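> I am attaching a structure below and will ask some questions about it afterwards.
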Amino acid sequence: MNSSLRLAFRVDGSPEIGAGHLMRCLTLARGALARGDQVLFASKPLPDELRAKIVAQGIRFLDLPPEVSEDDDAVACLADRGFAQANWVVLDHYGLGTTWQERVRVPRRRLCVFEDMPNRVHHADLLLDPTYAPQDADRYRGLVPETCQLLLGPAYALVRPEVLEARTERRPPPTASAEWRIFVCLGGGETGRETLRVLQALDTVSTNVTVVMAQPSVHQTEIGQSLRGKRGWVLHLAPDHFAALMAGSDLAITGSGSITWEKCALGLPSLAVCLADNQRDIFTGLEAAGAHLACPLDPPRLRAAMEGLTADKLVGMGQAAHAICNGRGVAAVLEHLRSN
């Protein structure tokens, strides 16, 4: 068993992918750093503020050239001494496939791939997919080597430590739905237009709405204007106390990406919308488990779903959500990396 890890993350910094993938890598990296491991992030250039946030964690950042081939990208990574000396490379990137993976994976340098859809071949030693989906045992049959270890399901979801620190015993929601504290955050992949549609649905049904945007948006001013004059409606842009805001809510309205596992760890009931194909399994799977109510991104139908909820239904959803994910995925994944 290795006593220390040297982790090199190859992450996708593309704006169209959203912040969720970058944040899940950062969550695992922070867990490794807390144990004394070495961590490097490699990506094409990121916005200065985001890059500074990563470096401030004690992570060395390797700027890679944008718009190059898989082979050239791998060469640029391996030209860095820290990357080349890593004992685990962690890949979270839709655009890098088997060509890149074959170049970086050698017996002394193993490869862990983050995935959320079983539709690509990987030459990996370990694959992590926290998606809540049926028939997990067959999910990646024929897509990875027989020797590849699969970490499947929400037990391996990478939940930030501050979410667990914010978790408290949930108080029963008020009987009157107009008094519910509603948390709205659709995730890093949304444009802001989607948030506006949610706010249209809530306009006549709630008096206490906290809106969180994971990153700046061209619709940010319009969203702020839609909250103007509404007492109890507040907008936060990438707040440091994100977890506390979520934990203090009675109901969340979110996308179906990485935030799903944080809601579950908090036992927070929710209405969920699907904003991308890779969220589809989570979107449908958690509804089948009673852990959230899946809704289309349509103001009249979202409003109708809200009006059909009761305090008892919120309690039941929260209990089902908490049973799915305990929030201890970081420790579980690091243990697998350390023991292989």
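We name chains A, B, ... following the order of the structure tokens; residues begin at 1 in each chain, and ligands are numbered from 1 as shown.
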From the DSSP assignment of the backbone, select every residue of stretch 122-177 of chain A that is alpha helix (DSSP H), and format the answer as a PyMOL selection string.

chain A and resi 161-166

> Take the residues from that selection and put them in a file with all heavy atoms, as a PDB file, in the first residue's frame.


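Contents of the output file out08.pdb:
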ATOM      1  N   PRO A 161     -16.434  18.872   1.852  1.00  0.00           N
ATOM      2  CA  PRO A 161     -16.487  18.751   3.320  1.00  0.00           C
ATOM      3  C   PRO A 161     -17.355  19.807   3.974  1.00  0.00           C
ATOM      4  O   PRO A 161     -17.976  19.552   5.000  1.00  0.00           O
ATOM      5  CB  PRO A 161     -15.021  18.863   3.745  1.00  0.00           C
ATOM      6  CG  PRO A 161     -14.312  19.486   2.590  1.00  0.00           C
ATOM      7  CD  PRO A 161     -15.047  19.044   1.373  1.00  0.00           C
ATOM      8  N   GLU A 162     -17.431  21.002   3.392  1.00  0.00           N
ATOM      9  CA  GLU A 162     -18.247  22.048   4.005  1.00  0.00           C
ATOM     10  C   GLU A 162     -19.732  21.712   3.985  1.00  0.00           C
ATOM     11  O   GLU A 162     -20.508  22.200   4.806  1.00  0.00           O
ATOM     12  CB  GLU A 162     -17.997  23.402   3.341  1.00  0.00           C
ATOM     13  CG  GLU A 162     -18.132  23.422   1.843  1.00  0.00           C
ATOM     14  CD  GLU A 162     -16.804  23.290   1.138  1.00  0.00           C
ATOM     15  OE1 GLU A 162     -15.960  22.483   1.598  1.00  0.00           O
ATOM     16  OE2 GLU A 162     -16.605  23.975   0.122  1.00  0.00           O
ATOM     17  N   VAL A 163     -20.134  20.845   3.028  1.00  0.00           N
ATOM     18  CA  VAL A 163     -21.530  20.399   3.003  1.00  0.00           C
ATOM     19  C   VAL A 163     -21.816  19.528   4.227  1.00  0.00           C
ATOM     20  O   VAL A 163     -22.835  19.674   4.906  1.00  0.00           O
ATOM     21  CB  VAL A 163     -21.844  19.639   1.702  1.00  0.00           C
ATOM     22  CG1 VAL A 163     -23.232  19.005   1.749  1.00  0.00           C
ATOM     23  CG2 VAL A 163     -21.739  20.575   0.505  1.00  0.00           C
ATOM     24  N   LEU A 164     -20.904  18.612   4.515  1.00  0.00           N
ATOM     25  CA  LEU A 164     -21.084  17.752   5.682  1.00  0.00           C
ATOM     26  C   LEU A 164     -21.018  18.570   6.977  1.00  0.00           C
ATOM     27  O   LEU A 164     -21.749  18.293   7.936  1.00  0.00           O
ATOM     28  CB  LEU A 164     -20.017  16.659   5.692  1.00  0.00           C
ATOM     29  CG  LEU A 164     -20.016  15.715   4.488  1.00  0.00           C
ATOM     30  CD1 LEU A 164     -18.943  14.645   4.654  1.00  0.00           C
ATOM     31  CD2 LEU A 164     -21.370  15.063   4.288  1.00  0.00           C
ATOM     32  N   GLU A 165     -20.159  19.583   6.998  1.00  0.00           N
ATOM     33  CA  GLU A 165     -20.054  20.427   8.188  1.00  0.00           C
ATOM     34  C   GLU A 165     -21.331  21.233   8.409  1.00  0.00           C
ATOM     35  O   GLU A 165     -21.680  21.558   9.547  1.00  0.00           O
ATOM     36  CB  GLU A 165     -18.860  21.369   8.042  1.00  0.00           C
ATOM     37  CG  GLU A 165     -17.511  20.640   8.083  1.00  0.00           C
ATOM     38  CD  GLU A 165     -16.370  21.515   7.625  1.00  0.00           C
ATOM     39  OE1 GLU A 165     -16.614  22.711   7.345  1.00  0.00           O
ATOM     40  OE2 GLU A 165     -15.231  21.017   7.520  1.00  0.00           O
ATOM     41  N   ALA A 166     -22.030  21.555   7.309  1.00  0.00           N
ATOM     42  CA  ALA A 166     -23.259  22.350   7.417  1.00  0.00           C
ATOM     43  C   ALA A 166     -24.472  21.498   7.763  1.00  0.00           C
ATOM     44  O   ALA A 166     -25.532  22.029   8.087  1.00  0.00           O
ATOM     45  CB  ALA A 166     -23.522  23.087   6.102  1.00  0.00           C
TER      46      ALA A 166
END

> Neighbours of A:Asp12 within 8 Å (only C-alpha atoms; same-chain residues fewer than 6 positions away dropped), as a compact mmCIF listing (two decimals) with all heavy atoms, in the first residue's frame?


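File written: out.txt
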# COMPACT_ATOMS: atom_id res chain seq x y z
N HIS A 21 -17.66 19.84 -13.15
CA HIS A 21 -16.58 18.86 -13.28
C HIS A 21 -15.30 19.35 -12.63
O HIS A 21 -14.58 18.59 -11.98
CB HIS A 21 -16.35 18.56 -14.76
CG HIS A 21 -17.45 17.77 -15.38
ND1 HIS A 21 -17.24 16.82 -16.36
CD2 HIS A 21 -18.78 17.75 -15.15
CE1 HIS A 21 -18.39 16.29 -16.70
NE2 HIS A 21 -19.33 16.84 -15.99
N LEU A 22 -15.02 20.63 -12.80
CA LEU A 22 -13.82 21.19 -12.18
C LEU A 22 -13.94 21.12 -10.66
O LEU A 22 -12.97 20.80 -9.95
CB LEU A 22 -13.63 22.63 -12.64
CG LEU A 22 -12.28 23.28 -12.38
CD1 LEU A 22 -11.17 22.49 -13.07
CD2 LEU A 22 -12.29 24.71 -12.86
N SER A 43 -4.64 21.88 -17.21
CA SER A 43 -5.80 22.31 -17.99
C SER A 43 -5.34 23.35 -18.99
O SER A 43 -4.30 23.98 -18.82
CB SER A 43 -6.88 22.89 -17.08
OG SER A 43 -7.92 23.52 -17.82
N LYS A 44 -6.16 23.54 -20.03
CA LYS A 44 -5.92 24.73 -20.85
C LYS A 44 -6.17 25.95 -19.95
O LYS A 44 -6.80 25.83 -18.89
CB LYS A 44 -6.83 24.73 -22.06
CG LYS A 44 -8.30 24.97 -21.77
CD LYS A 44 -9.09 25.00 -23.08
CE LYS A 44 -10.52 25.44 -22.85
NZ LYS A 44 -11.30 25.48 -24.10
N ASP A 92 -10.73 13.92 -16.07
CA ASP A 92 -12.13 14.35 -16.10
C ASP A 92 -12.30 15.25 -17.30
O ASP A 92 -12.24 16.48 -17.21
CB ASP A 92 -12.49 15.08 -14.80
CG ASP A 92 -13.99 15.27 -14.64
OD1 ASP A 92 -14.74 14.92 -15.57
OD2 ASP A 92 -14.42 15.78 -13.59
N HIS A 93 -12.48 14.63 -18.47
CA HIS A 93 -12.46 15.39 -19.72
C HIS A 93 -13.16 14.59 -20.81
O HIS A 93 -12.74 13.49 -21.16
CB HIS A 93 -11.00 15.64 -20.11
CG HIS A 93 -10.80 16.76 -21.10
ND1 HIS A 93 -11.41 16.76 -22.33
CD2 HIS A 93 -10.05 17.90 -21.03
CE1 HIS A 93 -11.04 17.85 -22.99
NE2 HIS A 93 -10.24 18.55 -22.22
N TYR A 94 -14.24 15.14 -21.35
CA TYR A 94 -14.98 14.45 -22.41
C TYR A 94 -14.20 14.37 -23.72
O TYR A 94 -14.45 13.50 -24.55
CB TYR A 94 -16.31 15.17 -22.67
CG TYR A 94 -17.34 15.03 -21.59
CD1 TYR A 94 -18.16 16.10 -21.26
CD2 TYR A 94 -17.50 13.84 -20.90
CE1 TYR A 94 -19.13 15.99 -20.27
CE2 TYR A 94 -18.45 13.71 -19.90
CZ TYR A 94 -19.27 14.79 -19.59
OH TYR A 94 -20.21 14.68 -18.61

> Neighbours of A:Ala305 within 12 Å (only C-alpha atoms; same-chain residues fewer than 6 positions away dropped), as a PyMOL selection string?

chain A and resi 177+198+201-202+205+253+270-273+292-299+313

> In Å, with one decimal, what is the gap from atom CA of A:Arg60 to atom CA of A:Gly31?

15.2 Å

> Using DSSP on the backbone coordinates, identify the residues of stretch 190-314 of chain A assigned to strand (DSSP E); present them as a list in words.

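Here are the strand (DSSP E) residues of stretch 190-314 of chain A: Val209, Thr210, Val211, Val212, Met213, Trp233, Val234, Leu235, His236, Leu237, Leu251, Ala252, Ile253, Thr254, Ser270, Leu271, Ala272, Leu293 and Ala294 of chain A.
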
> I want to know what sits within 8 Å of A:Gly192, based on only C-alpha atoms, with residues of the same chain fewer than 3 positions away left out; could you give that as a VMD selection string?

chain A and resid 195 to 196 213 217 to 220 223

> Restrict the selected residues to N, CA and C atoms and save them as an mmCIF file, in the first residue's frame.


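Written output follows (again-v1.cif):
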data_model
loop_
_atom_site.group_PDB
_atom_site.id
_atom_site.type_symbol
_atom_site.label_atom_id
_atom_site.label_comp_id
_atom_site.auth_asym_id
_atom_site.auth_seq_id
_atom_site.Cartn_x
_atom_site.Cartn_y
_atom_site.Cartn_z
ATOM 1 N N THR A 195 -32.577 29.975 -14.961
ATOM 2 C CA THR A 195 -32.934 30.492 -13.634
ATOM 3 C C THR A 195 -34.106 31.463 -13.732
ATOM 4 N N LEU A 196 -34.122 32.270 -14.755
ATOM 5 C CA LEU A 196 -35.233 33.203 -14.948
ATOM 6 C C LEU A 196 -36.557 32.463 -15.094
ATOM 7 N N MET A 213 -26.106 31.664 -8.154
ATOM 8 C CA MET A 213 -25.512 31.439 -9.475
ATOM 9 C C MET A 213 -24.061 31.034 -9.278
ATOM 10 N N SER A 217 -23.166 35.507 -15.397
ATOM 11 C CA SER A 217 -24.030 35.215 -16.532
ATOM 12 C C SER A 217 -24.428 36.506 -17.220
ATOM 13 N N VAL A 218 -24.678 36.422 -18.514
ATOM 14 C CA VAL A 218 -25.142 37.593 -19.250
ATOM 15 C C VAL A 218 -26.541 37.989 -18.791
ATOM 16 N N HIS A 219 -27.229 37.064 -18.125
ATOM 17 C CA HIS A 219 -28.578 37.342 -17.631
ATOM 18 C C HIS A 219 -28.590 37.759 -16.164
ATOM 19 N N GLN A 220 -27.400 37.977 -15.605
ATOM 20 C CA GLN A 220 -27.302 38.269 -14.172
ATOM 21 C C GLN A 220 -28.066 39.546 -13.795
ATOM 22 N N ILE A 223 -31.764 38.870 -13.871
ATOM 23 C CA ILE A 223 -32.171 38.082 -12.702
ATOM 24 C C ILE A 223 -32.284 38.994 -11.481
#

> Rounded to one decimal, what separation in Å do you get between atom CA of A:Leu33 and atom CA of A:Ala74?

24.5 Å

> Give me the residues near stretch 45-59 of chain A as a PyMOL selection string, where near means some atom within 12 Å (using only C-alpha atoms) and where sequence neighbours in that chain fewer than 2 positions away do not count.

chain A and resi 6-9+11-15+19+22-23+25-34+36-43+61-67+82+214-216+238+240
